[in-house]
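Below is one structure; the comments refer to it alone.
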Amino acid sequence: MTAISFAVIFLIAAYTYKKYRIAPTIVFTELEALDAQGTKVKVWQKSGRGAIIVFYASWCHDCARELPKLQRALQGPLRGAKVIALTDENLATMVEYRDHTKYDFHFYSLPRDFDNYGIHAIPTVYVLNTMGDIILTKVGDVDWDSADLIHEINAAGRPQG
């Protein structure tokens, strides 16, 4: 192979990794979504509290494994944390999923597809500190039992419910 071939392969691999494995920067104080009644709301408002924000879909198998682990963490080391679950599915699907799962999350439906926000793989997780700064992003599985993760979340200002 020539150097050009290696360069092309490297660029394709780097693009794919960035698109599917690195969470995009989102300004959550400006992000709007719809609540269960169809009212437009700000996803997160600066209030001295942080949040864990999860992009999910009801059909997503990885989300079906991830969200129960997060729910269990809310009953243990992350007790009282605020979790905001965002989907690009319609309101009826979001409400049905919320009611079926009974997770202790705040559920919202985004007005546009995930691609419009730069989300290309789910679940995608953000942890915001009390000032709304993103302190952690993760595309894919998160180890919610990790002592290092819990320490990092608590050190940055626990996202309280």
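Chain lettering (A, B, ...) mirrors the order of the structure tokens, residue numbering begins at 1 for each chain separately, and ligand numbering begins at 1 in order of display.
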Identify all residues of range 3-160 of chain A in alpha helix (DSSP H) (DSSP on the backbone) and supply them as a ChimeraX atom specification.
/A:3-21,61-74,91-101,147-155
Contact residues around Glu152 in chain A with only C-alpha atoms at 10 Å, ignoring same-chain residues under 6 positions, as a PyMOL selection string:
chain A and resi 127+135-136+146+158
Can you tell me, as a list of chain:residue names, what residues are no more than 8 Å from Thr137 in chain A when counting only C-alpha atoms, ignoring any on the same chain fewer than 3 positions away?
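Counting only the stated atoms, we get A:Ile22, A:Ala23, A:Thr124, A:Val125, A:Tyr126, A:Val127, A:Ile134.
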Tell me, as a PyMOL selection string, which residues lie within 10 Å of range 71-80 of chain A, counting only C-alpha atoms; anything in the same chain fewer than 3 positions away does not count.
chain A and resi 66-68+83+101-105+143-147+150-151+153-154+158-161
How about saving the chosen residues, N, CA and C atoms kept, as an mmCIF file, in the first residue's frame?
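File produced: selection23.cif:
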```cif
data_model
loop_
_atom_site.group_PDB
_atom_site.id
_atom_site.type_symbol
_atom_site.label_atom_id
_atom_site.label_comp_id
_atom_site.auth_asym_id
_atom_site.auth_seq_id
_atom_site.Cartn_x
_atom_site.Cartn_y
_atom_site.Cartn_z
ATOM 1 N N GLU A 66 -28.357 -0.263 29.351
ATOM 2 C CA GLU A 66 -27.724 0.853 30.067
ATOM 3 C C GLU A 66 -28.646 1.484 31.113
ATOM 4 N N LEU A 67 -29.873 1.795 30.721
ATOM 5 C CA LEU A 67 -30.755 2.567 31.594
ATOM 6 C C LEU A 67 -31.109 1.847 32.901
ATOM 7 N N PRO A 68 -31.318 0.538 32.906
ATOM 8 C CA PRO A 68 -31.560 -0.122 34.203
ATOM 9 C C PRO A 68 -30.359 -0.016 35.143
ATOM 10 N N VAL A 83 -31.654 12.836 36.642
ATOM 11 C CA VAL A 83 -31.389 12.252 35.336
ATOM 12 C C VAL A 83 -32.415 12.786 34.350
ATOM 13 N N THR A 101 -41.314 1.764 31.867
ATOM 14 C CA THR A 101 -40.065 1.517 32.594
ATOM 15 C C THR A 101 -40.104 2.001 34.039
ATOM 16 N N LYS A 102 -40.857 3.063 34.297
ATOM 17 C CA LYS A 102 -40.971 3.636 35.642
ATOM 18 C C LYS A 102 -39.624 4.086 36.223
ATOM 19 N N TYR A 103 -38.698 4.499 35.346
ATOM 20 C CA TYR A 103 -37.413 5.015 35.816
ATOM 21 C C TYR A 103 -37.614 6.360 36.499
ATOM 22 N N ASP A 104 -36.713 6.676 37.432
ATOM 23 C CA ASP A 104 -36.765 7.948 38.150
ATOM 24 C C ASP A 104 -36.046 9.032 37.346
ATOM 25 N N PHE A 105 -36.407 9.165 36.083
ATOM 26 C CA PHE A 105 -35.793 10.136 35.184
ATOM 27 C C PHE A 105 -36.829 11.186 34.805
ATOM 28 N N ASP A 143 -20.095 2.405 33.149
ATOM 29 C CA ASP A 143 -20.031 1.570 34.341
ATOM 30 C C ASP A 143 -20.503 2.403 35.533
ATOM 31 N N TRP A 144 -21.799 2.369 35.812
ATOM 32 C CA TRP A 144 -22.388 3.186 36.881
ATOM 33 C C TRP A 144 -22.008 2.678 38.260
ATOM 34 N N ASP A 145 -21.351 1.530 38.343
ATOM 35 C CA ASP A 145 -20.873 1.011 39.624
ATOM 36 C C ASP A 145 -19.426 1.405 39.890
ATOM 37 N N SER A 146 -18.798 2.091 38.957
ATOM 38 C CA SER A 146 -17.386 2.455 39.086
ATOM 39 C C SER A 146 -17.184 3.489 40.199
ATOM 40 N N ALA A 147 -16.327 3.159 41.146
ATOM 41 C CA ALA A 147 -16.021 4.089 42.236
ATOM 42 C C ALA A 147 -15.370 5.353 41.688
ATOM 43 N N ILE A 150 -18.192 7.553 40.213
ATOM 44 C CA ILE A 150 -18.989 8.154 41.292
ATOM 45 C C ILE A 150 -18.199 9.281 41.946
ATOM 46 N N HIS A 151 -16.920 9.051 42.199
ATOM 47 C CA HIS A 151 -16.067 10.086 42.790
ATOM 48 C C HIS A 151 -15.990 11.309 41.872
ATOM 49 N N ILE A 153 -18.148 12.315 39.606
ATOM 50 C CA ILE A 153 -19.445 13.000 39.600
ATOM 51 C C ILE A 153 -19.634 13.800 40.885
ATOM 52 N N ASN A 154 -19.334 13.202 42.019
ATOM 53 C CA ASN A 154 -19.493 13.880 43.302
ATOM 54 C C ASN A 154 -18.521 15.054 43.457
ATOM 55 N N ARG A 158 -22.454 16.985 42.752
ATOM 56 C CA ARG A 158 -23.442 15.928 42.508
ATOM 57 C C ARG A 158 -24.703 16.463 41.853
ATOM 58 N N PRO A 159 -25.130 15.815 40.749
ATOM 59 C CA PRO A 159 -26.380 16.203 40.103
ATOM 60 C C PRO A 159 -27.568 15.790 40.960
ATOM 61 N N GLN A 160 -28.101 16.689 41.713
ATOM 62 C CA GLN A 160 -29.174 16.351 42.654
ATOM 63 C C GLN A 160 -30.542 16.518 42.023
ATOM 64 N N GLY A 161 -31.461 15.666 42.438
ATOM 65 C CA GLY A 161 -32.834 15.677 41.939
ATOM 66 C C GLY A 161 -33.567 16.805 42.466
#
```
What residues in range 2-160 of chain A get the DSSP label strand (DSSP E or B)? Please answer as number ranges by chain.
A: 32-34, 40-42, 51-55, 81, 83-87, 106-109, 124-128, 134-139, 160
Between CA of Leu110 in chain A and CA of Leu86 in chain A, what distance in Å does the model show, to one decimal?
6.6 Å
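Put simply, CA of Lys69 in chain A is 8.6 Å away from CA of Val142 in chain A.
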List the spatial neighbours of Asn116 in chain A as number ranges by chain - criterion: any atom at most 12 Å away, only C-alpha atoms, same-chain residues fewer than 6 positions off excluded.
A: 24, 26, 31, 88, 110
